[in-house]
Every structure is written in C-alpha cells, then in structure tokens.
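Pasting target.cif here (mmCIF, C-alpha atoms):
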```
data_entry
#
loop_
_atom_site.group_PDB
_atom_site.id
_atom_site.type_symbol
_atom_site.label_atom_id
_atom_site.label_comp_id
_atom_site.auth_asym_id
_atom_site.auth_seq_id
_atom_site.Cartn_x
_atom_site.Cartn_y
_atom_site.Cartn_z
ATOM 1 C CA MET A 1 -22.030 -10.574 16.663
ATOM 2 C CA GLU A 2 -18.562 -9.510 15.672
ATOM 3 C CA ILE A 3 -19.773 -7.916 12.466
ATOM 4 C CA ILE A 4 -21.516 -5.187 14.463
ATOM 5 C CA GLN A 5 -18.282 -4.420 16.281
ATOM 6 C CA ILE A 6 -16.310 -4.253 13.066
ATOM 7 C CA VAL A 7 -18.841 -2.090 11.231
ATOM 8 C CA GLY A 8 -19.038 0.241 14.221
ATOM 9 C CA LEU A 9 -15.279 0.446 14.363
ATOM 10 C CA GLY A 10 -15.150 1.254 10.653
ATOM 11 C CA LEU A 11 -17.758 3.987 10.967
ATOM 12 C CA ILE A 12 -16.073 5.598 13.968
ATOM 13 C CA ALA A 13 -12.693 5.426 12.255
ATOM 14 C CA THR A 14 -14.166 7.024 9.130
ATOM 15 C CA VAL A 15 -15.572 9.938 11.121
ATOM 16 C CA LEU A 16 -12.239 10.386 12.902
ATOM 17 C CA ILE A 17 -10.388 10.302 9.589
ATOM 18 C CA LEU A 18 -12.692 12.970 8.185
ATOM 19 C CA VAL A 19 -12.054 15.152 11.234
ATOM 20 C CA VAL A 20 -8.283 14.720 11.112
ATOM 21 C CA ARG A 21 -8.008 15.108 7.350
ATOM 22 C CA GLU A 22 -9.061 18.764 7.610
ATOM 23 C CA GLN A 23 -5.925 19.527 9.596
ATOM 24 C CA LYS A 24 -3.332 16.906 8.750
ATOM 25 C CA PRO A 25 -3.850 14.615 5.749
ATOM 26 C CA MET A 26 -0.787 12.556 6.724
ATOM 27 C CA PHE A 27 -2.344 11.519 9.999
ATOM 28 C CA ALA A 28 -5.590 10.705 8.228
ATOM 29 C CA PHE A 29 -3.725 8.329 5.946
ATOM 30 C CA LEU A 30 -1.956 6.620 8.842
ATOM 31 C CA LEU A 31 -5.237 6.331 10.699
ATOM 32 C CA SER A 32 -6.935 4.686 7.745
ATOM 33 C CA ALA A 33 -4.013 2.300 7.334
ATOM 34 C CA PHE A 34 -4.138 1.426 11.020
ATOM 35 C CA THR A 35 -7.868 0.788 10.924
ATOM 36 C CA GLY A 36 -7.513 -1.460 7.929
ATOM 37 C CA LEU A 37 -4.695 -3.363 9.591
ATOM 38 C CA PHE A 38 -6.676 -3.752 12.766
ATOM 39 C CA ILE A 39 -9.758 -5.159 11.047
ATOM 40 C CA PHE A 40 -7.642 -7.470 8.912
ATOM 41 C CA LEU A 41 -5.696 -8.745 11.910
ATOM 42 C CA TYR A 42 -8.903 -9.201 13.865
ATOM 43 C CA ILE A 43 -10.511 -11.313 11.203
ATOM 44 C CA ILE A 44 -7.502 -13.291 9.997
ATOM 45 C CA GLY A 45 -7.541 -15.328 13.194
ATOM 46 C CA ARG A 46 -11.003 -16.636 12.328
ATOM 47 C CA ILE A 47 -9.771 -18.245 9.126
ATOM 48 C CA ASP A 48 -7.848 -20.820 11.150
ATOM 49 C CA THR A 49 -10.868 -23.104 11.438
ATOM 50 C CA VAL A 50 -11.400 -23.118 7.680
ATOM 51 C CA ILE A 51 -7.790 -24.013 7.029
ATOM 52 C CA SER A 52 -7.735 -26.824 9.569
ATOM 53 C CA MET A 53 -10.891 -28.221 7.973
ATOM 54 C CA LEU A 54 -9.269 -28.052 4.541
ATOM 55 C CA GLU A 55 -6.204 -29.862 5.871
ATOM 56 C CA GLN A 56 -8.378 -32.555 7.372
ATOM 57 C CA LEU A 57 -10.262 -33.005 4.091
ATOM 58 C CA ALA A 58 -7.018 -33.218 2.153
ATOM 59 C CA GLU A 59 -5.745 -35.852 4.554
ATOM 60 C CA GLN A 60 -8.891 -37.928 4.216
ATOM 61 C CA THR A 61 -8.925 -37.803 0.437
ATOM 62 C CA GLY A 62 -5.208 -38.484 0.168
ATOM 63 C CA ILE A 63 -4.305 -35.379 -1.810
ATOM 64 C CA PRO A 64 -0.545 -34.728 -1.581
ATOM 65 C CA SER A 65 -0.007 -32.010 0.975
ATOM 66 C CA ILE A 66 2.225 -30.044 -1.405
ATOM 67 C CA TYR A 67 -0.856 -29.014 -3.404
ATOM 68 C CA LEU A 68 -2.734 -27.741 -0.389
ATOM 69 C CA LYS A 69 0.345 -25.886 0.824
ATOM 70 C CA THR A 70 0.775 -24.257 -2.554
ATOM 71 C CA ILE A 71 -2.847 -23.178 -2.620
ATOM 72 C CA LEU A 72 -2.642 -21.741 0.882
ATOM 73 C CA LYS A 73 0.536 -19.880 -0.020
ATOM 74 C CA ILE A 74 -1.200 -18.445 -3.067
ATOM 75 C CA ILE A 75 -4.106 -17.292 -0.904
ATOM 76 C CA GLY A 76 -1.654 -15.684 1.514
ATOM 77 C CA ILE A 77 0.164 -13.848 -1.271
ATOM 78 C CA ALA A 78 -3.151 -12.665 -2.666
ATOM 79 C CA TYR A 79 -4.259 -11.311 0.706
ATOM 80 C CA ILE A 80 -0.995 -9.478 1.361
ATOM 81 C CA ALA A 81 -0.767 -8.018 -2.143
ATOM 82 C CA GLU A 82 -4.391 -6.916 -2.150
ATOM 83 C CA PHE A 83 -4.039 -5.301 1.250
ATOM 84 C CA GLY A 84 -0.901 -3.392 0.362
ATOM 85 C CA ALA A 85 -2.332 -2.270 -2.951
ATOM 86 C CA GLN A 86 -5.486 -0.986 -1.270
ATOM 87 C CA ILE A 87 -3.553 1.069 1.276
ATOM 88 C CA VAL A 88 -1.285 2.528 -1.385
ATOM 89 C CA ARG A 89 -4.299 3.295 -3.566
ATOM 90 C CA ASP A 90 -5.934 5.085 -0.627
ATOM 91 C CA ALA A 91 -2.917 7.340 -0.494
ATOM 92 C CA GLY A 92 -3.482 8.202 -4.153
ATOM 93 C CA GLN A 93 -0.543 6.345 -5.668
ATOM 94 C CA GLU A 94 -2.373 4.428 -8.338
ATOM 95 C CA GLY A 95 0.812 3.496 -10.192
ATOM 96 C CA ILE A 96 2.538 1.840 -7.240
ATOM 97 C CA ALA A 97 -0.680 0.024 -6.352
ATOM 98 C CA SER A 98 -0.839 -1.457 -9.848
ATOM 99 C CA LYS A 99 2.782 -2.559 -9.571
ATOM 100 C CA ILE A 100 2.123 -4.269 -6.245
ATOM 101 C CA GLU A 101 -0.793 -6.134 -7.777
ATOM 102 C CA PHE A 102 1.344 -7.064 -10.751
ATOM 103 C CA ALA A 103 4.071 -8.410 -8.462
ATOM 104 C CA GLY A 104 1.464 -10.439 -6.595
ATOM 105 C CA LYS A 105 0.206 -11.938 -9.833
ATOM 106 C CA VAL A 106 3.691 -12.881 -10.976
ATOM 107 C CA LEU A 107 4.553 -14.472 -7.638
ATOM 108 C CA ILE A 108 1.307 -16.447 -7.689
ATOM 109 C CA LEU A 109 2.157 -17.662 -11.183
ATOM 110 C CA VAL A 110 5.602 -18.730 -9.969
ATOM 111 C CA MET A 111 3.982 -20.620 -7.089
ATOM 112 C CA ALA A 112 1.674 -22.396 -9.495
ATOM 113 C CA VAL A 113 4.448 -23.595 -11.805
ATOM 114 C CA PRO A 114 4.862 -27.059 -10.173
ATOM 115 C CA ILE A 115 1.122 -27.700 -10.377
ATOM 116 C CA ILE A 116 0.998 -26.641 -14.031
ATOM 117 C CA HIS A 117 3.973 -28.903 -14.651
ATOM 118 C CA VAL A 118 2.149 -31.885 -13.125
ATOM 119 C CA ILE A 119 -0.959 -31.144 -15.181
ATOM 120 C CA VAL A 120 1.002 -30.970 -18.427
ATOM 121 C CA GLU A 121 2.796 -34.213 -17.593
ATOM 122 C CA THR A 122 -0.509 -35.936 -16.845
ATOM 123 C CA VAL A 123 -2.016 -34.772 -20.117
ATOM 124 C CA LEU A 124 1.057 -35.916 -22.024
ATOM 125 C CA GLY A 125 0.828 -39.287 -20.296
ATOM 126 C CA LEU A 126 -2.794 -39.662 -21.397
ATOM 127 C CA MET A 127 -1.936 -39.076 -25.029
ATOM 128 C CA PRO A 128 -1.388 -42.139 -27.175
ATOM 129 C CA PRO A 129 2.283 -42.642 -28.004
ATOM 130 C CA GLY A 130 3.341 -41.358 -31.360
ATOM 131 C CA GLY A 131 0.169 -39.246 -31.740
ATOM 132 C CA MET B 1 -4.227 -9.308 20.870
ATOM 133 C CA ASP B 2 -1.999 -6.772 22.541
ATOM 134 C CA ILE B 3 -3.192 -3.778 20.540
ATOM 135 C CA ASP B 4 -6.820 -2.856 21.060
ATOM 136 C CA VAL B 5 -9.306 -0.441 19.599
ATOM 137 C CA SER B 6 -8.166 2.453 21.773
ATOM 138 C CA ALA B 7 -5.079 2.752 19.572
ATOM 139 C CA ILE B 8 -7.330 4.139 16.828
ATOM 140 C CA PHE B 9 -8.615 6.829 19.165
ATOM 141 C CA GLN B 10 -5.049 7.457 20.284
ATOM 142 C CA ILE B 11 -3.946 8.090 16.718
ATOM 143 C CA ALA B 12 -6.883 10.380 16.017
ATOM 144 C CA GLY B 13 -6.223 12.247 19.267
ATOM 145 C CA ILE B 14 -2.543 12.627 18.475
ATOM 146 C CA GLY B 15 -3.461 13.992 15.052
ATOM 147 C CA ILE B 16 -5.903 16.567 16.430
ATOM 148 C CA ILE B 17 -3.588 17.675 19.237
ATOM 149 C CA ILE B 18 -0.629 17.969 16.886
ATOM 150 C CA ALA B 19 -2.748 20.089 14.567
ATOM 151 C CA MET B 20 -3.682 22.332 17.519
ATOM 152 C CA ILE B 21 -0.079 22.682 18.659
ATOM 153 C CA HIS B 22 0.981 23.389 15.094
ATOM 154 C CA THR B 23 -1.559 26.191 14.764
ATOM 155 C CA LEU B 24 -0.626 27.667 18.146
ATOM 156 C CA LEU B 25 3.090 27.664 17.396
ATOM 157 C CA LYS B 26 2.433 29.165 13.989
ATOM 158 C CA GLN B 27 0.446 31.984 15.573
ATOM 159 C CA MET B 28 3.340 32.605 17.944
ATOM 160 C CA GLY B 29 5.625 32.900 14.966
ATOM 161 C CA LYS B 30 7.676 29.756 15.612
ATOM 162 C CA GLU B 31 7.299 27.966 12.320
ATOM 163 C CA GLU B 32 10.430 25.852 12.790
ATOM 164 C CA VAL B 33 9.265 24.360 16.069
ATOM 165 C CA ALA B 34 5.797 23.763 14.629
ATOM 166 C CA HIS B 35 7.233 21.687 11.804
ATOM 167 C CA TRP B 36 9.380 19.647 14.158
ATOM 168 C CA VAL B 37 6.362 18.917 16.342
ATOM 169 C CA THR B 38 4.491 17.669 13.309
ATOM 170 C CA VAL B 39 7.361 15.434 12.244
ATOM 171 C CA ILE B 40 7.758 13.919 15.713
ATOM 172 C CA GLY B 41 4.047 13.215 16.035
ATOM 173 C CA PHE B 42 4.083 11.632 12.615
ATOM 174 C CA VAL B 43 6.981 9.373 13.570
ATOM 175 C CA VAL B 44 5.229 8.258 16.773
ATOM 176 C CA VAL B 45 2.084 7.306 14.862
ATOM 177 C CA LEU B 46 4.158 5.677 12.144
ATOM 178 C CA PHE B 47 5.750 3.449 14.778
ATOM 179 C CA MET B 48 2.331 2.263 15.949
ATOM 180 C CA VAL B 49 1.229 1.517 12.405
ATOM 181 C CA VAL B 50 4.419 -0.310 11.517
ATOM 182 C CA ARG B 51 4.229 -2.472 14.640
ATOM 183 C CA LEU B 52 0.701 -3.519 13.749
ATOM 184 C CA LEU B 53 1.791 -4.153 10.158
ATOM 185 C CA ASN B 54 4.533 -6.427 11.463
ATOM 186 C CA ASP B 55 2.002 -8.315 13.592
ATOM 187 C CA LEU B 56 -0.247 -8.792 10.591
ATOM 188 C CA PHE B 57 2.523 -10.071 8.364
ATOM 189 C CA GLN B 58 3.719 -12.514 11.014
ATOM 190 C CA GLU B 59 0.167 -13.783 11.409
ATOM 191 C CA ILE B 60 -0.289 -14.255 7.669
ATOM 192 C CA LYS B 61 3.063 -16.001 7.469
ATOM 193 C CA THR B 62 2.206 -18.476 10.202
ATOM 194 C CA ILE B 63 -1.269 -19.169 8.846
ATOM 195 C CA PHE B 64 -0.702 -19.325 5.100
ATOM 196 C CA LEU B 65 2.970 -19.656 4.388
ATOM 197 C CA PHE B 66 3.977 -22.253 6.996
ATOM 198 C CA GLN B 67 7.085 -20.519 8.272
#
```
Written as structure tokens, how would this file's structure read?
Amino acid sequence: MEIIQIVGLGLIATVLILVVREQKPMFAFLLSAFTGLFIFLYIIGRIDTVISMLEQLAEQTGIPSIYLKTILKIIGIAYIAEFGAQIVRDAGQEGIASKIEFAGKVLILVMAVPIIHVIVETVLGLMPPGG
Amino acid sequence: MDIDVSAIFQIAGIGIIIAMIHTLLKQMGKEEVAHWVTVIGFVVVLFMVVRLLNDLFQEIKTIFLFQ
C-alpha cells in the first residue's frame, strides 16, 4: 500500500510547508519542490514494468523500435516539462511556467517529425498516380 | 534510494531553526549576521534540492530517453 505512504508524506509535507511559510517563504518553496521531487522519483521507478511490457509487445508485433523509442522520449519530455512548469508555477511565476510548457510542446513536435513524415509518405503512396 | 523521507523533515527543521536564529539575531541588533545566516541556510537546502533534482533527471533519462 504505497499510496498510503505517499498521501501521508504529502499531508505531512503540506503541514510543514504551512508552518515554515509563516517565517521564511523561500524555505517553504524549496520544501515543496523537494517533496514533489521525492514523490516523483519514488514513483518513476514503478513505470519500468510498463515500459518493459511495451517493449515486449512491440517486439512481438514487429513494430520498428524507432517508433517506440520516439514515443517514450515524448513521454519523458512531457513528464520533465510538466514537472518543471508545476514547480515554477508554485513559486508564482506563471509566465516562465507557460514558456516551459511551450518549449516542451515544441520539442515534442520536433520529436514527432519523423513519424509525421512517414505518415505523409504512406498517404502519398496510397494515392493513385496522377490524381 | 539514498535520500529518504527524513530529508523533508530536515529541510523543515532547518527552515524553522533558521527563522528562530534570524529573529534572535535581529533582536540583538545584528541584522547583517542574521541575513548571512539566512543565506547560508538557504544555500544548504538548495544543495539538497538540486541533488535530488539531478537524481530525478538521471532517472528519467535512463528510463525514457535511452542515454
């Protein structure tokens, strides 16, 4: 029952943050960032099983591994960007958080370019010549 | 995992103690020293946070980005 541990940790950290924020808001921010990092790091190890299963499925169905790698990279970029944006937003810097999210979106789009290219080529190949 | 939950309590404790020291030094009329104490405590906590951030990014890199 890891969820109980994590929820308890979150509640305790929230109370501590409220206590510290009265005196030193800077420490409260660092504490919230640390708690978020800790929970994220704790739970990111669990995702290993899902990824190995996905790899196995891709191997069985004969999907080229470049697609799976691209998708996993996109998921990784999304996680990192979301996490950073949340922490920055907690600190009240809405503008920088939006820029981080924007950068994440652009990088994901760049990652997806080869796949889009393959799709367009496939569609063009399906079209009758001269049409 | 080399960093455990007690680090959270450590950070909260450092924050509260620094706040206490700050108030005490301010009452004694040593504002300069009080500010330096705050800055040093902040840097110590910042080091802990940055180390954990590094761990997290390495983990994400090895899991998702295949590096």
- Selection result for the PyMOL selection byres ((chain B) within 10 of (chain A)) on this file, as a VMD selection string: chain B and resid 1 3 to 5 7 to 20 22 to 23 38 41 to 42 45 to 46 48 to 57 59 to 66
- Suppose you want the space between atom CA of A:Tyr67 and atom CA of A:Ile115; what is it in Å?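 Rounded to one decimal, the two atoms are 7.4 Å apart.
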- Length of the atom CA of A:Leu11 to atom CA of A:Val88 vector [Å]: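 One can read the atom CA of A:Leu11 to atom CA of A:Val88 distance as 20.6 Å.
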Centre, edges in Å (one decimal): axis-aligned box, stretch 48-62 of chain A, 6 Å padding on all six sides, as lines of an AutoDock Vina configuration file:
```
center_x = -8.3
center_y = -29.7
center_z = 5.8
size_x = 18.2
size_y = 29.7
size_z = 23.3
```
- Query: With all atoms listed in the file as the atoms that count, which of A:Val7, A:Phe29, A:Thr61, A:Val113 lies nearest to A:Ile87?
  - Reply: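 Looking only at the distances to A:Ile87, the closest residue turns out to be A:Phe29.
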- Separation of atom CA of A:Gly104 and atom CA of A:Ala81, in Å? 5.5 Å
How about completing stretch 56-75 of chain A with N, CA, C and O atoms and giving it to me as a PDB file, in the coordinates of the input?
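Writing done, so here's out-v8.pdb:
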```
ATOM      1  N   GLN A  56      -7.780 -31.272   7.008  1.00  0.00           N
ATOM      2  CA  GLN A  56      -8.378 -32.555   7.372  1.00  0.00           C
ATOM      3  C   GLN A  56      -8.957 -33.252   6.131  1.00  0.00           C
ATOM      4  O   GLN A  56      -8.746 -34.450   5.908  1.00  0.00           O
ATOM      5  N   LEU A  57      -9.670 -32.453   5.317  1.00  0.00           N
ATOM      6  CA  LEU A  57     -10.262 -33.005   4.091  1.00  0.00           C
ATOM      7  C   LEU A  57      -9.178 -33.544   3.170  1.00  0.00           C
ATOM      8  O   LEU A  57      -9.303 -34.648   2.610  1.00  0.00           O
ATOM      9  N   ALA A  58      -8.092 -32.786   3.042  1.00  0.00           N
ATOM     10  CA  ALA A  58      -7.018 -33.218   2.153  1.00  0.00           C
ATOM     11  C   ALA A  58      -6.396 -34.518   2.658  1.00  0.00           C
ATOM     12  O   ALA A  58      -6.019 -35.386   1.867  1.00  0.00           O
ATOM     13  N   GLU A  59      -6.305 -34.627   3.996  1.00  0.00           N
ATOM     14  CA  GLU A  59      -5.745 -35.852   4.554  1.00  0.00           C
ATOM     15  C   GLU A  59      -6.644 -37.044   4.266  1.00  0.00           C
ATOM     16  O   GLU A  59      -6.175 -38.129   3.905  1.00  0.00           O
ATOM     17  N   GLN A  60      -7.946 -36.828   4.421  1.00  0.00           N
ATOM     18  CA  GLN A  60      -8.891 -37.928   4.216  1.00  0.00           C
ATOM     19  C   GLN A  60      -8.911 -38.394   2.771  1.00  0.00           C
ATOM     20  O   GLN A  60      -9.001 -39.581   2.487  1.00  0.00           O
ATOM     21  N   THR A  61      -8.832 -37.420   1.836  1.00  0.00           N
ATOM     22  CA  THR A  61      -8.925 -37.803   0.437  1.00  0.00           C
ATOM     23  C   THR A  61      -7.574 -38.190  -0.147  1.00  0.00           C
ATOM     24  O   THR A  61      -7.500 -38.602  -1.297  1.00  0.00           O
ATOM     25  N   GLY A  62      -6.515 -38.040   0.631  1.00  0.00           N
ATOM     26  CA  GLY A  62      -5.208 -38.484   0.168  1.00  0.00           C
ATOM     27  C   GLY A  62      -4.570 -37.593  -0.865  1.00  0.00           C
ATOM     28  O   GLY A  62      -3.734 -38.042  -1.641  1.00  0.00           O
ATOM     29  N   ILE A  63      -4.968 -36.312  -0.905  1.00  0.00           N
ATOM     30  CA  ILE A  63      -4.305 -35.379  -1.810  1.00  0.00           C
ATOM     31  C   ILE A  63      -2.918 -35.074  -1.256  1.00  0.00           C
ATOM     32  O   ILE A  63      -2.770 -34.872  -0.055  1.00  0.00           O
ATOM     33  N   PRO A  64      -1.881 -35.075  -2.092  1.00  0.00           N
ATOM     34  CA  PRO A  64      -0.545 -34.728  -1.581  1.00  0.00           C
ATOM     35  C   PRO A  64      -0.543 -33.347  -0.947  1.00  0.00           C
ATOM     36  O   PRO A  64      -1.125 -32.409  -1.492  1.00  0.00           O
ATOM     37  N   SER A  65       0.116 -33.247   0.205  1.00  0.00           N
ATOM     38  CA  SER A  65      -0.007 -32.010   0.975  1.00  0.00           C
ATOM     39  C   SER A  65       0.674 -30.841   0.270  1.00  0.00           C
ATOM     40  O   SER A  65       0.395 -29.692   0.580  1.00  0.00           O
ATOM     41  N   ILE A  66       1.534 -31.136  -0.718  1.00  0.00           N
ATOM     42  CA  ILE A  66       2.225 -30.044  -1.405  1.00  0.00           C
ATOM     43  C   ILE A  66       1.224 -29.180  -2.165  1.00  0.00           C
ATOM     44  O   ILE A  66       1.366 -27.963  -2.246  1.00  0.00           O
ATOM     45  N   TYR A  67       0.149 -29.790  -2.672  1.00  0.00           N
ATOM     46  CA  TYR A  67      -0.856 -29.014  -3.404  1.00  0.00           C
ATOM     47  C   TYR A  67      -1.573 -28.049  -2.482  1.00  0.00           C
ATOM     48  O   TYR A  67      -1.758 -26.877  -2.786  1.00  0.00           O
ATOM     49  N   LEU A  68      -2.003 -28.597  -1.327  1.00  0.00           N
ATOM     50  CA  LEU A  68      -2.734 -27.741  -0.389  1.00  0.00           C
ATOM     51  C   LEU A  68      -1.844 -26.600   0.089  1.00  0.00           C
ATOM     52  O   LEU A  68      -2.279 -25.454   0.194  1.00  0.00           O
ATOM     53  N   LYS A  69      -0.563 -26.933   0.360  1.00  0.00           N
ATOM     54  CA  LYS A  69       0.345 -25.886   0.824  1.00  0.00           C
ATOM     55  C   LYS A  69       0.503 -24.805  -0.235  1.00  0.00           C
ATOM     56  O   LYS A  69       0.518 -23.613   0.075  1.00  0.00           O
ATOM     57  N   THR A  70       0.630 -25.249  -1.487  1.00  0.00           N
ATOM     58  CA  THR A  70       0.775 -24.257  -2.554  1.00  0.00           C
ATOM     59  C   THR A  70      -0.457 -23.362  -2.623  1.00  0.00           C
ATOM     60  O   THR A  70      -0.337 -22.140  -2.759  1.00  0.00           O
ATOM     61  N   ILE A  71      -1.632 -23.981  -2.513  1.00  0.00           N
ATOM     62  CA  ILE A  71      -2.847 -23.178  -2.620  1.00  0.00           C
ATOM     63  C   ILE A  71      -2.928 -22.184  -1.467  1.00  0.00           C
ATOM     64  O   ILE A  71      -3.270 -21.010  -1.656  1.00  0.00           O
ATOM     65  N   LEU A  72      -2.582 -22.652  -0.260  1.00  0.00           N
ATOM     66  CA  LEU A  72      -2.642 -21.741   0.882  1.00  0.00           C
ATOM     67  C   LEU A  72      -1.633 -20.609   0.726  1.00  0.00           C
ATOM     68  O   LEU A  72      -1.920 -19.457   1.064  1.00  0.00           O
ATOM     69  N   LYS A  73      -0.448 -20.939   0.207  1.00  0.00           N
ATOM     70  CA  LYS A  73       0.536 -19.880  -0.020  1.00  0.00           C
ATOM     71  C   LYS A  73       0.009 -18.864  -1.019  1.00  0.00           C
ATOM     72  O   LYS A  73       0.201 -17.657  -0.858  1.00  0.00           O
ATOM     73  N   ILE A  74      -0.660 -19.370  -2.065  1.00  0.00           N
ATOM     74  CA  ILE A  74      -1.200 -18.445  -3.067  1.00  0.00           C
ATOM     75  C   ILE A  74      -2.240 -17.541  -2.433  1.00  0.00           C
ATOM     76  O   ILE A  74      -2.265 -16.329  -2.680  1.00  0.00           O
ATOM     77  N   ILE A  75      -3.094 -18.125  -1.574  1.00  0.00           N
ATOM     78  CA  ILE A  75      -4.106 -17.292  -0.904  1.00  0.00           C
ATOM     79  C   ILE A  75      -3.428 -16.231  -0.045  1.00  0.00           C
ATOM     80  O   ILE A  75      -3.843 -15.067  -0.022  1.00  0.00           O
TER      81      ILE A  75
END
```
